[in-house]
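Data from model-v4.txt: compact mmCIF, C-alpha atoms and all ligand atoms
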# COMPACT_ATOMS: atom_id res chain seq x y z
CA MET A 12 -19.11 53.10 2.68
CA ILE A 13 -22.51 52.15 1.28
CA ASP A 14 -25.15 53.46 3.65
CA ALA A 15 -27.10 55.80 1.39
CA PRO A 16 -29.52 54.14 -1.04
CA ASP A 17 -28.88 54.42 -4.79
CA GLU A 18 -31.69 55.43 -7.18
CA ARG A 19 -32.97 51.85 -7.52
CA HIS A 20 -33.27 51.50 -3.78
CA ARG A 21 -34.84 54.94 -3.40
CA GLN A 22 -37.61 53.66 -5.70
CA PHE A 23 -37.96 50.44 -3.70
CA ASP A 24 -38.15 52.51 -0.50
CA ARG A 25 -40.92 54.63 -2.00
CA LEU A 26 -42.88 51.57 -3.16
CA ARG A 27 -42.49 49.90 0.21
CA ARG A 28 -43.82 53.00 1.99
CA GLU A 29 -46.58 53.96 -0.43
CA HIS A 30 -47.58 50.99 -2.64
CA PRO A 31 -46.65 47.74 -0.88
CA ALA A 32 -48.55 45.75 -3.54
CA HIS A 33 -47.86 47.70 -6.72
CA LEU A 34 -49.30 46.45 -10.02
CA ASP A 35 -46.68 46.88 -12.75
CA GLU A 36 -48.83 47.21 -15.87
CA ALA A 37 -46.05 46.38 -18.36
CA SER A 38 -45.26 42.99 -16.83
CA ARG A 39 -48.82 42.38 -15.56
CA THR A 40 -47.26 41.55 -12.20
CA PHE A 41 -47.86 42.77 -8.65
CA VAL A 42 -44.61 43.75 -6.96
CA LEU A 43 -44.23 43.12 -3.23
CA THR A 44 -41.59 45.09 -1.36
CA ARG A 45 -42.33 44.58 2.36
CA MET A 46 -40.67 41.65 4.11
CA ALA A 47 -43.82 40.50 5.95
CA ASP A 48 -45.89 40.48 2.72
CA ALA A 49 -43.08 38.78 0.79
CA ARG A 50 -42.67 36.01 3.32
CA ALA A 51 -46.42 35.45 3.68
CA TRP A 52 -46.89 35.22 -0.10
CA LEU A 53 -43.96 32.86 -0.73
CA SER A 54 -44.84 30.64 2.21
CA ASP A 55 -48.48 30.18 1.21
CA ALA A 56 -48.37 26.71 -0.33
CA SER A 57 -51.89 27.11 -1.70
CA GLN A 58 -50.64 29.50 -4.44
CA TRP A 59 -49.07 28.17 -7.65
CA LYS A 60 -45.44 28.24 -8.75
CA ASP A 61 -46.00 26.92 -12.24
CA ALA A 62 -45.81 29.79 -14.75
CA ASP A 63 -48.25 28.00 -17.07
CA GLN A 64 -51.02 28.86 -14.57
CA ALA A 65 -50.42 32.59 -15.07
CA GLU A 66 -52.72 34.77 -17.17
CA GLU A 67 -51.73 35.60 -20.76
CA GLY A 68 -49.38 38.56 -20.96
CA ALA A 69 -47.77 38.05 -17.55
CA LEU A 70 -43.97 38.45 -17.75
CA ILE A 71 -43.40 35.22 -15.86
CA ARG A 72 -44.59 33.26 -18.91
CA LEU A 73 -41.59 34.61 -20.80
CA PHE A 74 -39.23 33.77 -17.95
CA LYS A 75 -40.24 30.14 -18.07
CA PRO A 76 -37.54 28.88 -20.40
CA PRO A 77 -38.12 26.65 -23.43
CA ASN A 78 -38.12 22.90 -22.92
CA MET A 79 -35.14 21.90 -20.78
CA ASN A 80 -35.73 18.23 -21.31
CA ARG A 81 -36.19 15.78 -24.18
CA PRO A 82 -39.02 16.82 -26.51
CA GLY A 83 -42.22 15.30 -25.18
CA ASP A 84 -40.88 14.89 -21.63
CA ARG A 85 -41.98 17.15 -18.76
CA ASN A 86 -40.11 20.32 -19.50
CA SER A 87 -39.36 21.76 -16.09
CA GLY A 88 -37.85 20.91 -12.76
CA ILE A 89 -39.03 21.48 -9.21
CA GLY A 90 -38.68 25.25 -9.56
CA TRP A 91 -41.83 25.34 -11.70
CA MET A 92 -43.78 22.43 -10.16
CA ASP A 93 -46.68 22.41 -7.73
CA ASP A 94 -47.78 19.79 -5.20
CA PRO A 95 -48.22 16.87 -5.10
CA ASP A 96 -45.47 16.43 -7.75
CA HIS A 97 -43.26 19.14 -6.23
CA ALA A 98 -43.09 17.49 -2.80
CA ARG A 99 -42.62 13.99 -4.28
CA VAL A 100 -39.75 15.01 -6.54
CA ARG A 101 -38.06 17.60 -4.29
CA ARG A 102 -37.86 15.37 -1.17
CA PRO A 103 -35.37 12.75 -2.46
CA ILE A 104 -33.32 15.29 -4.40
CA GLN A 105 -33.01 17.59 -1.40
CA ALA A 106 -32.11 14.69 0.91
CA ALA A 107 -29.33 13.57 -1.46
CA LEU A 108 -28.01 17.11 -1.97
CA VAL A 109 -27.93 17.90 1.76
CA ARG A 110 -26.10 14.63 2.46
CA ARG A 111 -23.53 15.29 -0.25
CA THR A 112 -23.03 18.96 0.73
CA ALA A 113 -22.30 17.98 4.34
CA GLY A 114 -19.15 16.12 3.28
CA LEU A 115 -18.02 18.57 0.63
CA ARG A 116 -15.91 21.15 2.51
CA PRO A 117 -12.51 19.52 1.82
CA ALA A 118 -13.31 19.30 -1.91
CA VAL A 119 -14.46 22.95 -2.00
CA GLU A 120 -11.28 24.03 -0.16
CA ALA A 121 -9.14 22.14 -2.67
CA ILE A 122 -10.99 23.67 -5.65
CA VAL A 123 -10.63 27.19 -4.21
CA ALA A 124 -6.93 26.65 -3.40
CA ALA A 125 -6.25 25.45 -6.96
CA GLN A 126 -8.03 28.50 -8.38
CA LEU A 127 -6.01 30.86 -6.15
CA GLU A 128 -2.81 29.32 -7.52
CA ARG A 129 -3.77 30.44 -11.02
CA LEU A 130 -4.23 34.12 -10.10
CA ASP A 131 -1.64 36.74 -11.02
CA PRO A 132 -1.27 39.19 -8.09
CA GLN A 133 -0.47 41.95 -10.59
CA GLY A 134 -4.05 41.93 -11.83
CA PHE A 135 -7.01 39.62 -12.31
CA ASP A 136 -10.79 39.64 -12.68
CA VAL A 137 -12.41 38.29 -9.52
CA LEU A 138 -15.48 37.21 -11.47
CA ALA A 139 -14.01 35.45 -14.52
CA ASP A 140 -10.72 34.23 -13.04
CA PHE A 141 -11.85 33.25 -9.55
CA ALA A 142 -15.60 33.21 -8.83
CA MET A 143 -16.95 31.66 -12.07
CA PRO A 144 -14.79 28.52 -12.19
CA ILE A 145 -15.51 27.52 -8.55
CA PRO A 146 -19.23 26.53 -8.64
CA VAL A 147 -18.82 24.69 -11.96
CA ALA A 148 -15.98 22.62 -10.52
CA VAL A 149 -17.93 21.98 -7.29
CA ILE A 150 -21.08 20.88 -9.10
CA GLY A 151 -18.85 18.75 -11.34
CA THR A 152 -17.49 17.03 -8.21
CA LEU A 153 -21.03 16.47 -6.91
CA PHE A 154 -22.09 14.91 -10.20
CA GLY A 155 -18.91 12.88 -10.64
CA VAL A 156 -18.02 14.77 -13.82
CA ASP A 157 -14.61 14.04 -15.30
CA THR A 158 -12.29 17.06 -14.85
CA ALA A 159 -11.77 17.10 -18.62
CA ASP A 160 -15.53 17.65 -19.12
CA VAL A 161 -15.77 20.65 -16.75
CA PRO A 162 -15.09 23.33 -19.44
CA ARG A 163 -17.87 21.79 -21.58
CA PHE A 164 -20.21 22.05 -18.60
CA ARG A 165 -19.28 25.68 -18.13
CA ALA A 166 -19.90 26.54 -21.79
CA TRP A 167 -23.28 24.77 -21.73
CA SER A 168 -24.34 26.59 -18.54
CA GLU A 169 -23.49 29.97 -20.01
CA ALA A 170 -25.33 29.22 -23.26
CA VAL A 171 -28.43 28.01 -21.43
CA LEU A 172 -28.46 31.02 -19.11
CA SER A 173 -29.10 33.44 -21.96
CA ILE A 174 -32.43 31.75 -22.71
CA PHE A 175 -33.74 33.01 -19.35
CA ASP A 176 -33.44 36.51 -20.76
CA PRO A 177 -36.87 37.58 -22.10
CA ASN A 178 -34.94 39.80 -24.60
CA ARG A 179 -32.93 36.86 -25.95
CA THR A 180 -32.01 36.88 -29.65
CA GLU A 181 -32.69 34.04 -32.13
CA ALA A 182 -28.99 33.16 -32.09
CA GLN A 183 -28.96 32.95 -28.28
CA SER A 184 -32.06 30.73 -28.34
CA ALA A 185 -30.39 28.43 -30.89
CA ALA A 186 -27.14 28.19 -28.90
CA GLY A 187 -29.20 27.56 -25.76
CA GLY A 188 -31.14 24.80 -27.54
CA ALA A 189 -27.92 23.08 -28.62
CA ALA A 190 -26.57 23.30 -25.07
CA ILE A 191 -29.78 21.77 -23.68
CA GLU A 192 -29.35 18.82 -26.04
CA GLY A 193 -25.70 18.49 -25.00
CA ILE A 194 -26.56 18.38 -21.30
CA CYS A 195 -29.46 15.93 -21.84
CA ASP A 196 -27.16 13.57 -23.81
CA TYR A 197 -24.51 13.86 -21.13
CA LEU A 198 -26.97 13.11 -18.31
CA ASP A 199 -28.57 10.16 -20.13
CA GLN A 200 -25.19 8.61 -20.67
CA ALA A 201 -24.25 9.27 -17.02
CA MET A 202 -27.48 7.63 -15.79
CA ALA A 203 -26.90 4.56 -17.96
CA GLU A 204 -23.30 4.23 -16.73
CA ARG A 205 -24.28 4.63 -13.04
CA ARG A 206 -26.96 1.99 -13.47
CA ARG A 207 -24.34 -0.46 -14.76
CA ALA A 208 -21.68 0.52 -12.20
CA PRO A 209 -22.68 2.90 -9.34
CA THR A 210 -20.15 5.58 -8.40
CA ASP A 211 -19.80 7.87 -5.39
CA ASP A 212 -21.86 10.86 -6.58
CA LEU A 213 -25.27 12.53 -6.66
CA ILE A 214 -26.44 10.89 -9.90
CA SER A 215 -25.79 7.44 -8.42
CA ASP A 216 -27.71 8.51 -5.27
CA LEU A 217 -30.73 9.41 -7.39
CA ILE A 218 -30.52 6.22 -9.46
CA ALA A 219 -30.37 4.21 -6.20
CA GLU A 220 -33.38 6.15 -4.85
CA GLN A 221 -35.27 5.42 -8.07
CA ALA A 222 -34.53 1.70 -7.79
CA ALA A 223 -35.52 1.63 -4.10
CA SER A 224 -38.70 3.74 -4.09
CA GLY A 225 -39.65 4.36 -7.71
CA ALA A 226 -40.29 7.99 -6.69
CA LEU A 227 -38.39 9.52 -9.61
CA SER A 228 -38.64 8.88 -13.34
CA ASP A 229 -35.62 9.13 -15.67
CA SER A 230 -37.07 12.30 -17.11
CA GLU A 231 -37.42 13.84 -13.62
CA ILE A 232 -33.86 12.93 -12.71
CA ARG A 233 -32.60 14.38 -16.00
CA VAL A 234 -34.41 17.71 -15.83
CA ASN A 235 -33.71 18.25 -12.14
CA CYS A 236 -30.01 17.39 -12.43
CA PHE A 237 -29.99 19.90 -15.26
CA ASN A 238 -31.56 22.50 -12.96
CA LEU A 239 -29.04 21.81 -10.20
CA ILE A 240 -26.18 22.26 -12.66
CA LEU A 241 -27.62 25.56 -13.86
CA GLY A 242 -29.10 26.91 -10.63
CA GLY A 243 -25.81 26.85 -8.84
CA ASN A 244 -23.35 28.28 -11.31
CA VAL A 245 -23.97 31.91 -12.08
CA THR A 246 -25.78 32.70 -8.83
CA THR A 247 -22.98 31.38 -6.62
CA ALA A 248 -20.28 33.04 -8.74
CA ASP A 249 -22.20 36.31 -8.46
CA LEU A 250 -22.49 35.90 -4.70
CA ILE A 251 -18.71 35.52 -4.39
CA ALA A 252 -17.91 38.48 -6.68
CA ASN A 253 -20.64 40.70 -5.19
CA GLY A 254 -19.16 39.95 -1.77
CA VAL A 255 -15.60 40.80 -2.75
CA ASN A 256 -16.89 44.01 -4.37
CA LEU A 257 -18.82 45.04 -1.23
CA LEU A 258 -15.88 44.29 1.05
CA LEU A 259 -13.37 46.18 -1.10
CA ARG A 260 -15.70 49.19 -1.21
CA ASN A 261 -16.27 49.10 2.57
CA PRO A 262 -12.76 49.02 4.05
CA ASP A 263 -14.02 49.25 7.64
CA GLN A 264 -15.97 46.00 7.15
CA LEU A 265 -13.04 44.32 5.42
CA ALA A 266 -10.80 45.31 8.34
CA LYS A 267 -13.36 43.77 10.72
CA LEU A 268 -13.32 40.52 8.73
CA ARG A 269 -9.53 40.45 8.60
CA ALA A 270 -9.40 40.98 12.38
CA ASP A 271 -11.94 38.21 13.01
CA PRO A 272 -12.11 35.64 10.17
CA ALA A 273 -14.87 33.78 12.04
CA LEU A 274 -17.17 36.59 10.89
CA VAL A 275 -17.14 35.13 7.38
CA SER A 276 -20.48 33.31 7.90
CA SER A 277 -22.35 36.45 8.97
CA ALA A 278 -20.49 38.41 6.26
CA VAL A 279 -21.88 36.05 3.61
CA GLU A 280 -25.43 36.52 4.99
CA GLU A 281 -24.96 40.29 4.85
CA ILE A 282 -23.67 40.08 1.26
CA LEU A 283 -26.71 37.98 0.34
CA ARG A 284 -28.94 40.61 1.96
CA MET A 285 -27.31 43.63 0.34
CA GLU A 286 -26.79 42.27 -3.19
CA PRO A 287 -28.99 39.19 -3.69
CA PRO A 288 -27.83 37.38 -6.87
CA THR A 289 -31.44 36.44 -7.69
CA GLU A 290 -33.66 39.48 -7.48
CA GLY A 291 -37.14 38.05 -7.67
CA THR A 292 -39.32 35.02 -7.29
CA GLN A 293 -43.05 34.76 -7.78
CA ARG A 294 -46.25 32.84 -7.16
CA VAL A 295 -49.43 32.78 -9.22
CA ALA A 296 -52.68 33.52 -7.35
CA ALA A 297 -54.68 30.29 -7.14
CA ARG A 298 -57.93 32.19 -6.36
CA ASP A 299 -59.33 35.70 -6.09
CA GLN A 300 -58.02 37.12 -2.82
CA ASP A 301 -56.52 40.05 -0.94
CA LEU A 302 -52.81 40.78 -1.39
CA ALA A 303 -51.33 43.29 1.06
CA GLY A 304 -54.55 45.28 0.95
CA CYS A 305 -55.10 44.98 -2.85
CA PRO A 306 -57.48 42.63 -4.63
CA ILE A 307 -55.63 40.08 -6.80
CA ARG A 308 -57.51 37.85 -9.23
CA MET A 309 -56.93 34.15 -9.81
CA ARG A 310 -54.05 33.65 -12.34
CA GLN A 311 -52.57 37.10 -11.69
CA VAL A 312 -48.93 37.02 -10.62
CA ALA A 313 -47.24 38.60 -7.60
CA ALA A 314 -43.45 38.78 -7.53
CA VAL A 315 -41.34 39.41 -4.47
CA MET A 316 -38.70 42.06 -5.03
CA ILE A 317 -35.97 40.42 -2.96
CA PRO A 318 -33.56 43.41 -2.75
CA ALA A 319 -36.43 45.59 -1.51
CA ALA A 320 -37.69 43.15 1.15
CA ASN A 321 -34.08 42.66 2.28
CA ARG A 322 -33.87 46.35 3.15
CA ASP A 323 -37.19 46.68 4.95
CA PRO A 324 -36.51 49.03 7.89
CA SER A 325 -39.06 47.21 10.03
CA VAL A 326 -36.72 44.19 9.98
CA PHE A 327 -33.24 45.67 9.48
CA LYS A 328 -31.78 48.62 11.41
CA ASP A 329 -30.07 51.09 9.03
CA PRO A 330 -31.03 48.80 6.13
CA HIS A 331 -28.76 50.46 3.55
CA ARG A 332 -25.73 49.99 5.73
CA PHE A 333 -23.39 47.06 4.99
CA ASP A 334 -22.61 45.53 8.38
CA ILE A 335 -20.99 42.09 8.41
CA ALA A 336 -21.72 41.59 12.10
CA ARG A 337 -25.43 42.32 11.71
CA ARG A 338 -27.71 40.23 13.94
CA ASP A 339 -31.16 41.21 12.66
CA GLY A 340 -33.00 39.50 9.84
CA PRO A 341 -33.08 37.00 8.24
CA HIS A 342 -33.03 37.98 4.55
CA ILE A 343 -35.01 36.15 1.84
CA SER A 344 -32.32 35.86 -0.81
CA PHE A 345 -33.01 32.13 -1.12
CA GLY A 346 -36.80 32.62 -1.19
CA SER A 347 -39.13 31.14 1.42
CA GLY A 348 -41.62 28.33 1.94
CA ALA A 349 -41.81 25.02 0.10
CA HIS A 350 -39.73 26.31 -2.85
CA ILE A 351 -36.90 27.78 -0.78
CA CYS A 352 -33.60 27.31 -2.62
CA ILE A 353 -32.47 23.72 -2.44
CA GLY A 354 -28.84 24.75 -3.05
CA ALA A 355 -28.57 27.32 -0.24
CA PRO A 356 -26.27 25.21 1.99
CA LEU A 357 -23.97 24.59 -0.97
CA ALA A 358 -23.88 28.24 -2.06
CA ARG A 359 -23.13 29.34 1.51
CA LEU A 360 -20.32 26.81 1.85
CA GLU A 361 -18.69 27.87 -1.41
CA ALA A 362 -18.96 31.60 -0.66
CA ARG A 363 -17.57 31.27 2.86
CA VAL A 364 -14.59 29.21 1.75
CA ALA A 365 -13.86 31.32 -1.36
CA ILE A 366 -14.14 34.76 0.26
CA ALA A 367 -12.12 33.80 3.34
CA ALA A 368 -9.38 32.19 1.24
CA LEU A 369 -9.12 35.07 -1.24
CA PHE A 370 -8.60 37.74 1.43
CA GLU A 371 -6.30 35.49 3.39
CA ARG A 372 -4.15 34.86 0.36
CA PHE A 373 -3.99 38.48 -0.79
CA PRO A 374 -3.61 40.95 2.10
CA ALA A 375 -3.10 43.82 -0.37
CA LEU A 376 -6.15 43.02 -2.51
CA ARG A 377 -7.80 46.19 -3.84
CA LEU A 378 -9.88 47.44 -6.77
CA ALA A 379 -7.82 48.05 -9.92
CA ASP A 380 -9.62 51.38 -10.33
CA PRO A 381 -11.21 52.50 -7.06
CA THR A 382 -12.83 55.49 -8.78
CA ALA A 383 -14.77 53.36 -11.32
CA PRO A 384 -18.34 52.50 -10.25
CA PRO A 385 -19.34 48.81 -10.36
CA ARG A 386 -20.63 47.66 -13.78
CA TRP A 387 -23.70 45.43 -13.37
CA ARG A 388 -24.73 42.93 -16.08
CA PRO A 389 -27.89 44.06 -17.87
CA ILE A 390 -29.62 40.63 -17.61
CA PRO A 391 -32.88 41.14 -15.70
CA HIS A 392 -33.58 39.01 -12.63
CA PHE A 393 -29.90 38.36 -11.83
CA ARG A 394 -27.64 40.75 -9.90
CA GLY A 395 -24.09 40.19 -10.99
CA LEU A 396 -21.10 42.18 -12.14
CA GLU A 397 -19.77 42.27 -15.70
CA ALA A 398 -16.26 42.07 -14.25
CA LEU A 399 -14.37 42.93 -11.07
CA PRO A 400 -10.78 43.91 -11.95
CA VAL A 401 -8.46 43.94 -8.93
CA THR A 402 -4.78 43.97 -8.12
CA ALA A 403 -2.99 42.40 -5.20
CA ALA A 404 0.48 43.71 -5.95
CA GLY A 405 2.41 45.60 -3.33
CA PRO A 406 3.72 44.95 0.12
CA GLY A 407 2.52 41.48 1.12
CA ASP A 408 1.42 40.28 -2.31
CA GLY A 409 -0.48 37.44 -0.85
CA ARG A 410 2.06 34.98 0.32
CA GLN A 411 1.21 35.13 4.03
CA PRO A 412 -2.12 34.40 5.69
CA ILE A 413 -4.16 37.07 7.47
CA GLY A 414 -3.65 37.42 11.17
CA ARG A 415 -0.01 36.35 10.82
CA GLN A 416 2.90 38.83 10.66
CA PRO A 417 5.56 38.37 7.98
CA ALA A 418 8.65 36.72 9.51
CA LYS A 419 11.26 39.30 10.58
CA ALA A 420 14.59 39.17 8.77
CA GLY A 421 16.98 36.96 10.71
CA ALA A 422 14.20 35.63 12.95
C1 LIG B 1 -26.18 32.43 -4.10
C2 LIG B 1 -26.67 31.42 -4.79
C3 LIG B 1 -28.14 31.18 -4.99
C4 LIG B 1 -29.21 32.04 -4.89
C5 LIG B 1 -29.20 33.52 -4.55
C6 LIG B 1 -30.40 31.25 -5.18
C7 LIG B 1 -31.70 31.78 -5.14
C8 LIG B 1 -32.83 31.02 -5.30
C9 LIG B 1 -34.18 31.53 -5.19
C10 LIG B 1 -34.56 32.97 -4.86
C11 LIG B 1 -35.03 30.51 -5.43
C12 LIG B 1 -36.57 30.58 -5.45
C13 LIG B 1 -37.14 30.28 -4.08
C14 LIG B 1 -38.62 30.60 -3.94
O1 LIG B 1 -39.31 30.77 -4.95
O2 LIG B 1 -39.12 30.67 -2.79
C15 LIG B 1 -34.22 29.34 -5.70
C16 LIG B 1 -34.73 28.08 -6.00
C17 LIG B 1 -33.93 27.04 -6.41
N1 LIG B 1 -32.55 26.97 -6.41
FE1 LIG B 1 -31.29 28.44 -5.84
N2 LIG B 1 -30.03 29.98 -5.45
C18 LIG B 1 -28.66 29.87 -5.33
C19 LIG B 1 -27.89 28.73 -5.48
C20 LIG B 1 -28.36 27.52 -5.87
C21 LIG B 1 -27.58 26.33 -6.01
C22 LIG B 1 -26.10 26.20 -5.63
C23 LIG B 1 -28.42 25.37 -6.50
C24 LIG B 1 -28.13 23.92 -6.84
C25 LIG B 1 -27.10 23.23 -6.46
C26 LIG B 1 -29.74 25.95 -6.62
C27 LIG B 1 -30.87 25.30 -7.07
C28 LIG B 1 -32.16 25.76 -6.91
C29 LIG B 1 -33.36 24.98 -7.24
C30 LIG B 1 -33.38 23.57 -7.83
C31 LIG B 1 -34.45 25.78 -6.91
C32 LIG B 1 -35.94 25.41 -7.03
C33 LIG B 1 -36.41 24.87 -5.68
C34 LIG B 1 -37.91 24.60 -5.62
O3 LIG B 1 -38.67 25.27 -6.34
O4 LIG B 1 -38.32 23.69 -4.87
N3 LIG B 1 -29.67 27.26 -6.23
N4 LIG B 1 -32.90 29.67 -5.61

Please lay out the structure from this file as structure tokens.
Ligand code: HEM
Amino acid sequence: MIDAPDERHRQFDRLRREHPAHLDEASRTFVLTRMADARAWLSDASQWKDADQAEEGALIRLFKPPNMNRPGDRNSGIGWMDDPDHARVRRPIQAALVRRTAGLRPAVEAIVAAQLERLDPQGFDVLADFAMPIPVAVIGTLFGVDTADVPRFRAWSEAVLSIFDPNRTEAQSAAGGAAIEGICDYLDQAMAERRRAPTDDLISDLIAEQAASGALSDSEIRVNCFNLILGGNVTTADLIANGVNLLLRNPDQLAKLRADPALVSSAVEEILRMEPPTEGTQRVAARDQDLAGCPIRMRQVAAVMIPAANRDPSVFKDPHRFDIARRDGPHISFGSGAHICIGAPLARLEARVAIAALFERFPALRLADPTAPPRWRPIPHFRGLEALPVTAAGPGDGRQPIGRQPAKAGA
């Protein structure tokens, strides 16, 4: 049972009580921990998202990755843009993504089922063997990527991810740079092909939108497709693995889910609240102003500490308690306001299907070593496990669905 806060959350609790807008000198960033302040700050469209607006020395400038586009082209997607460009570019991309996601459940179910087939009930790693391959395959389906190209996509995504780490090494930066070039080449070729012969996928949707309205340039399509490919992979895999981890460590909640599989949607919201895969998002102050009772100067940065806001006791009863039937909230694990995560419906769909199917398939699923504490990856900003070793061996090794009794001999 997780209902007592760990050290990290004890610190967040203290900050929330005593310093709701705390200036972290090292990162030159204000840290917001109360839900009301977090929501108000993220939803204020008059502040800036673009890290280039931040004062020298602010950590956010290091988080803005190197150019993710062709040299000389605009180097960032909607995640770092401000209006009017942000609204112009986000609108058609969001419309296409929402439309595509709405029809995607059968494809997600098929991808999850195929991944389950590959698992050995004697022992597997939920993260590497189950959670990681799912979002890459799903995004591949959305983009019309050939199945044979999916492993290349996965390798590129992992290489690019390391360049978000402010402590990245030279070698990681170089590998990330090569991966960026690989993805740009791939997307340029895909755009040219779709222009010649449209196919049934998101890239064709955006090419059609470009032809119809002229709202998007090639460079904007390229860099934003790149961001969709990246944005969805590690975060969604972490959501799935974090969820399986929480459920296995809270047997009462797992029993509740097994008894009522329809709870999977609220279980995924509770997983997002308890262990948000992205831990922070920020805005740059566009003028001198007051921030939760503190003066903040123009170009100073304030970051929302998502795990802290998600456990604000003024919003959530017993906030450190994992309760899959919780009705209070909502959390802010996808951010808030004009920049709220564009992939949230997709991430939710994948997590619901994957978590339900995994527990249905393996009724005896348990941690390989229940005494070992979870090992979290040291990459800042992301909350994900290094690995989640489990076993499903034993009586009912996963061949019958939950809620159904094994057939009696002779029946
Ligand atoms: C569990 C999975 C995910 C989590 C926790 C997550 C979290 C977030 C957060 C916190 C933001 C910043 C919002 C803000 O500043 O207010 C964001 C933005 C974004 N996310 Fe996600 N995300 C997830 C999955 C995805 C997926 C599947 C995609 C793409 C298919 C995606 C693409 C994006 C993009 C493009 C933005 C920038 C939106 C904008 O600035 O207008 N994310 N996400």

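A straight line drawn from CA of Leu73 (chain A) to CA of Phe154 (chain A) is 29.7 Å long.
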
Within-12 Å shell of (-33.7, 15.6, -12.8) in input frame, all atoms listed in the file, as an NGL selection string: :A and (79-81 or 84-90 or 100-101 or 103-105 or 154 or 194-195 or 198-199 or 202 or 213-214 or 216-218 or 221 or 226-241)

Pairwise distance for CA of Asp211 (chain A) and CA of Ser168 (chain A), rounded to one decimal in Å: 23.3 Å

Close residues to ligand LIG 1 (chain B) using only C-alpha atoms and all ligand atoms, limit 8 Å, as a count of residues only: 54

Residues near region 129-140 of chain A, cut-off 10 Å, all atoms listed in the file, skip fewer than 6 positions along chain, as an NGL selection string: :A and (248-253 or 255-256 or 369 or 372-373 or 375-379 or 395-405 or 408-410)

Any chance you can output those residues with C-alpha atoms as a compact mmCIF listing (two decimals), in the coordinates of the input?
# COMPACT_ATOMS: atom_id res chain seq x y z
CA ALA A 248 -20.28 33.04 -8.74
CA ASP A 249 -22.20 36.31 -8.46
CA LEU A 250 -22.49 35.90 -4.70
CA ILE A 251 -18.71 35.52 -4.39
CA ALA A 252 -17.91 38.48 -6.68
CA ASN A 253 -20.64 40.70 -5.19
CA VAL A 255 -15.60 40.80 -2.75
CA ASN A 256 -16.89 44.01 -4.37
CA LEU A 369 -9.12 35.07 -1.24
CA ARG A 372 -4.15 34.86 0.36
CA PHE A 373 -3.99 38.48 -0.79
CA ALA A 375 -3.10 43.82 -0.37
CA LEU A 376 -6.15 43.02 -2.51
CA ARG A 377 -7.80 46.19 -3.84
CA LEU A 378 -9.88 47.44 -6.77
CA ALA A 379 -7.82 48.05 -9.92
CA GLY A 395 -24.09 40.19 -10.99
CA LEU A 396 -21.10 42.18 -12.14
CA GLU A 397 -19.77 42.27 -15.70
CA ALA A 398 -16.26 42.07 -14.25
CA LEU A 399 -14.37 42.93 -11.07
CA PRO A 400 -10.78 43.91 -11.95
CA VAL A 401 -8.46 43.94 -8.93
CA THR A 402 -4.78 43.97 -8.12
CA ALA A 403 -2.99 42.40 -5.20
CA ALA A 404 0.48 43.71 -5.95
CA GLY A 405 2.41 45.60 -3.33
CA ASP A 408 1.42 40.28 -2.31
CA GLY A 409 -0.48 37.44 -0.85
CA ARG A 410 2.06 34.98 0.32

Leu265 (chain A) surroundings by all atoms listed in the file, 9 Å radius, close-in-sequence under 6 positions cut, as a CSV table (one decimal) with C-alpha atoms, keeping the file's coordinate frame:
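Final file, around15.csv:
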chain,number,residue,atom,x,y,z
A,257,LEU,CA,-18.8,45.0,-1.2
A,258,LEU,CA,-15.9,44.3,1.0
A,259,LEU,CA,-13.4,46.2,-1.1
A,335,ILE,CA,-21.0,42.1,8.4
A,370,PHE,CA,-8.6,37.7,1.4

Which residues come within 7 Å of His33 (chain A), counting all atoms listed in the file, excluding same-chain residues fewer than 2 positions away, as a CSV table (one decimal) with C-alpha atoms, keeping the file's coordinate frame?
chain,number,residue,atom,x,y,z
A,30,HIS,CA,-47.6,51.0,-2.6
A,31,PRO,CA,-46.6,47.7,-0.9
A,35,ASP,CA,-46.7,46.9,-12.8
A,41,PHE,CA,-47.9,42.8,-8.6
A,42,VAL,CA,-44.6,43.8,-7.0
A,43,LEU,CA,-44.2,43.1,-3.2

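For the atom pair formed by CA of Asp96 (chain A) and CA of Ala219 (chain A), the distance is 19.5 Å, given to one decimal.
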
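Closest approach to Thr112 (chain A) among A:Ala319, A:Met285, A:Val326, A:Val149: A:Val149, based on all atoms listed in the file.
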
Test item: residues at most 10 Å from Asp334 (chain A), all atoms listed in the file, excluding those fewer than 6 positions along its chain, as a list in words: Ile13, Asp14, Asn261, Asp263, Gln264, Lys267, Ser277, Ala278, Glu281, Ile282 and Met285 of chain A

Store the residues of this selection in a file with C-alpha atoms, as a short mmCIF file (atom, residue, chain, number, x, y, z; two decimals), in the frame of the given file.
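Wrote it out as selection26.cif, contents follow:
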data_model
loop_
_atom_site.label_atom_id
_atom_site.label_comp_id
_atom_site.auth_asym_id
_atom_site.auth_seq_id
_atom_site.Cartn_x
_atom_site.Cartn_y
_atom_site.Cartn_z
CA ILE A 13 -22.51 52.15 1.28
CA ASP A 14 -25.15 53.46 3.65
CA ASN A 261 -16.27 49.10 2.57
CA ASP A 263 -14.02 49.25 7.64
CA GLN A 264 -15.97 46.00 7.15
CA LYS A 267 -13.36 43.77 10.72
CA SER A 277 -22.35 36.45 8.97
CA ALA A 278 -20.49 38.41 6.26
CA GLU A 281 -24.96 40.29 4.85
CA ILE A 282 -23.67 40.08 1.26
CA MET A 285 -27.31 43.63 0.34
#
